[in-house]
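What follows is a short report on a single structure.
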Amino acid sequence: MSTVALANPATAAPNDTANKLTRAVTLKGVLDHLNSFQHIANRNGGTRASGTPGYDASANYVARKLRAAGYRVTRQKFDFPYFEAFGSSFAQVAPGQVSYVEGTDYTLLEYSGDGVAQGTVVPVDLNLTPPRASTSGCEASDFTGVDVVGKIALMQRGTCGFGDKVANAEAAGAIGAIIMNQGNGTPQENPDRFELFNGTLSGPVATIPGVAVSYDTGAAFSTTAGLAVRITADTISEVRSTENVVAQTREGRTDNVVMAGAHLDSVPEGPGINDNGSGSAALLEVALQMAEVKPANAVRFAWWGAEEANLLGSQYYVDQLTERQVDNIALYLNFDMIGSPNYVFGVYDGDDSAQQGAGPGPEGSAEIEALFERFFAARELPTVPSDFTGRSDYGPFIAAGIDIPSGGLFTGAEGLKTEAEAALFGGVAGAAYDPCYHQRCDSKKPVVHGADADLYRELRGSHRLWGNVSTFALDVNSDAVATAVITYAFDTSAVNGVSKSTDRAAAKTRSAPVAEVAADAHGHGHPWK
C-alpha cells in the first residue's frame, strides 16, 4: 500500500485562480455548513432568526471558522425591532357573532401588541367620500372629542405610517386598533388601496393588538350601530440585539475593496436552509478555501443579520460608512437563496436588459452581470435576468448616494415557475421556486416539517434535493460565487476602471442612474402606510 503526502493547509498552494478555487469549493463542503446550520436550529427552537439564540450560534459558527482561517473578523452589533406572531383571532361579538379568517378577512399588523382587546368600535376621522384623502389617526387632535378609552379605534390608511396611527390611538386610551384600507382611486385601477393588505407598525411602538381589513370591511364596520369586536394577538414585539459578521483578507489594497455578502438569518418560522443558509454556506466555503490567497484587492465577506426584518443589517452597515469608506468599495456581490428546490439560475439584471421592474444598477453592475453570464454560458447552462427590486441586501449598496456597482445570484422565492422556465431548467411549472419559502419546511426534512409530499416527490423526479435545496443549483452557484470573488480579488477594472496600476482618483466616475429602492420593496417586509 502506497502512502500519499498531504499538504499542510498553511503551506498549500493558494487557490488563486477560478479553476483552482472552483475545484476546492465542493458541494460536500457547502453541505457540511448547511448541516451545521440545521443542527443549530434543532438545538434552538427550530429557528436561526436574528435576535434568537439560533442566530447567535450561527454567527459564532461563522466567526469561529473565519478566525481559524486567518481572516480579520469584526462582529458589528446593532439593535433592531423583533417581531414574532404565534397566532391571532378576530371576531364580531355584537350585534350578533361573526368569526373572521386570518388572511382572508383580516391580517394581524406586524409589530402588533400582545393580548386580548374586546370593545366597541369607534371610527376616527374617516373619509368615505371620494377621493377619500385620509389623515385618520395621524395627529393626536384626531382623537379630540372622540371617546376611544377602553374601546377599539377604527382608522383609515393614508398620509402617515400605521405605527403613528396605532400609537396615537393607544395614547388616547384605545385598547385595540383596526386599520382599514384607504379606498382611494378605483377598485379596478387601484386594487391595492381597496383589498385586504399586510401592514406593519415598523417597530414595537404600541402595546395594543391591531389588525388590518379591506376598505369595504372597514366601511361596513363604520356604519354598523353598536359594533363590538374582539381581537386576540399572541405576539412578541420588542427591541433586540443582533449582529453582522464581517471578515476581511489581510492582504490586498483597501481603497478598492471587493465585498461579497449573504444574509445569515432565517425567519422565526424555520431554520432557513435555502433562505438563506444556501448563500451563507456557499460564501463561507468560498472564504475558507481562499484563505491562503494574497489578493490584489482586499476582499471583505459579510454575513448580514436582520435581513428578514427588512434589510436592517446591511442598511446599518452602509449607514455607518463614511463617504471615503463608501468610495473605497469597488463592488458588492449578493447571494440570497441560491439553491431553491424548483430553481432557475437568476442573475441580477445590472443593465436592465429585461426592461422589467426597476431600472439598471449603478455603473459597473452590467459588467458584473456579464461575468456571471459568461460563467453559465461556459457550462452551457441557461440563465434568466433577476430584477433589482430591492428585496435583498444589495438594496442599501445600490441606493442613490451610495451607488456601488452590484450583482449576484438568485434562484427564486415565492414566485411561480413558468412553463418556459420549466422547459429551460426542469422542475414543476406552476409551483413556487421555493415551496417552503418563509416556512418551517425550509429545512433538511421539508416533508416532515409540512411540505407538500406530492410536490416534493415530483421535484425529486427532476432535481436531486438535499432537504429544501437543489444540490445541482447549489453546486453550480457555489462555483459561480467562487469565480466572481476570485476574479475581482485580482482585477476590478471591467467594473470600475481600477487596475493594479490605477488609483481610485484616476478611475472613471460612477454616474449611471440607480434603481430606486422603495421603503417597502423587500419581499419579506410589509407596507407601512
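Residue names in the C-alpha cells use chain letters A, B, ... in the order shown, residue numbers from 1 in each chain, and ligand numbers from 1 in the order shown.
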Met259 of chain A environment, 7 Å, only C-alpha atoms, sequence neighbours closer than 3 positions dropped, as a list in words: Val299, Arg300, Phe301, Leu331, Tyr332 and Leu333 of chain A
Those same residues, written as an mmCIF file, in the first residue's frame with C-alpha atoms?
```
data_model
loop_
_atom_site.group_PDB
_atom_site.id
_atom_site.type_symbol
_atom_site.label_atom_id
_atom_site.label_comp_id
_atom_site.auth_asym_id
_atom_site.auth_seq_id
_atom_site.Cartn_x
_atom_site.Cartn_y
_atom_site.Cartn_z
ATOM 1 C CA VAL A 299 -11.867 41.003 -0.097
ATOM 2 C CA ARG A 300 -14.481 41.700 2.564
ATOM 3 C CA PHE A 301 -17.054 38.991 3.261
ATOM 4 C CA LEU A 331 -18.308 46.484 -5.888
ATOM 5 C CA TYR A 332 -20.782 44.389 -3.946
ATOM 6 C CA LEU A 333 -21.874 40.809 -4.709
#
```
Sel. of alpha helix (DSSP H) residues, segment 332-384 of chain A, as a CSV table (one decimal) with C-alpha atoms, in the first residue's frame:
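The result, written out as part-v4.csv:
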```csv
chain,number,residue,atom,x,y,z
A,365,SER,CA,-23.3,46.5,-12.5
A,366,ALA,CA,-23.8,45.5,-16.1
A,367,GLU,CA,-20.2,44.2,-16.2
A,368,ILE,CA,-20.9,42.1,-13.1
A,369,GLU,CA,-23.9,40.6,-14.7
A,370,ALA,CA,-21.8,39.8,-17.8
A,371,LEU,CA,-19.2,38.0,-15.8
A,372,PHE,CA,-21.9,35.7,-14.3
A,373,GLU,CA,-23.5,35.2,-17.7
A,374,ARG,CA,-20.1,34.1,-19.2
A,375,PHE,CA,-19.7,31.7,-16.3
A,376,PHE,CA,-23.0,30.0,-17.0
A,377,ALA,CA,-22.5,30.1,-20.8
A,378,ALA,CA,-19.2,28.3,-20.4
```
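Take atom CA of Thr104 of chain A and atom CA of Ser214 of chain A: the distance between them is 9.7 Å.
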Where does segment 248-322 of chain A meet segment 397-412 of chain A within 10 Å, residue by residue, with the nearest atom pair and distance in Å to one decimal for each, counting only C-alpha atoms, listed by chain and rising number, as CSV?
```
residue,atom,partner,partner_atom,distance
A:Met259,CA,A:Ser406,CA,9.4
A:Ala260,CA,A:Gly408,CA,8.9
A:Gly261,CA,A:Gly408,CA,9.4
A:Asn274,CA,A:Thr411,CA,9.8
A:Gly279,CA,A:Leu409,CA,9.0
A:Ser314,CA,A:Phe397,CA,8.3
A:Gln315,CA,A:Phe397,CA,8.3
A:Tyr317,CA,A:Phe397,CA,9.8
A:Val318,CA,A:Phe397,CA,7.1
A:Asp319,CA,A:Ile402,CA,9.8
A:Leu321,CA,A:Ile402,CA,9.9
```
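In terms of minimum interatomic distance to Pro131 of chain A, A:Thr186 ranks closest within A:Thr186, A:Ser222, A:Asn181, A:Asn168, counting only C-alpha atoms.
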Residues flagged strand (DSSP E) by DSSP in segment 229-290 of chain A, as JSON, numbers by chain: {"A": [229, 230, 231, 232, 233, 234, 235, 236, 237, 238, 239, 240, 241, 242, 243, 244, 245, 246, 247, 248, 253, 254, 255, 256, 257, 258, 259, 260, 261, 262, 263]}
Of the listed residues A:Cys441, A:Ala63, A:Ala306, A:Leu455, that which approaches Phe80 of chain A most closely, counting only C-alpha atoms: A:Ala306
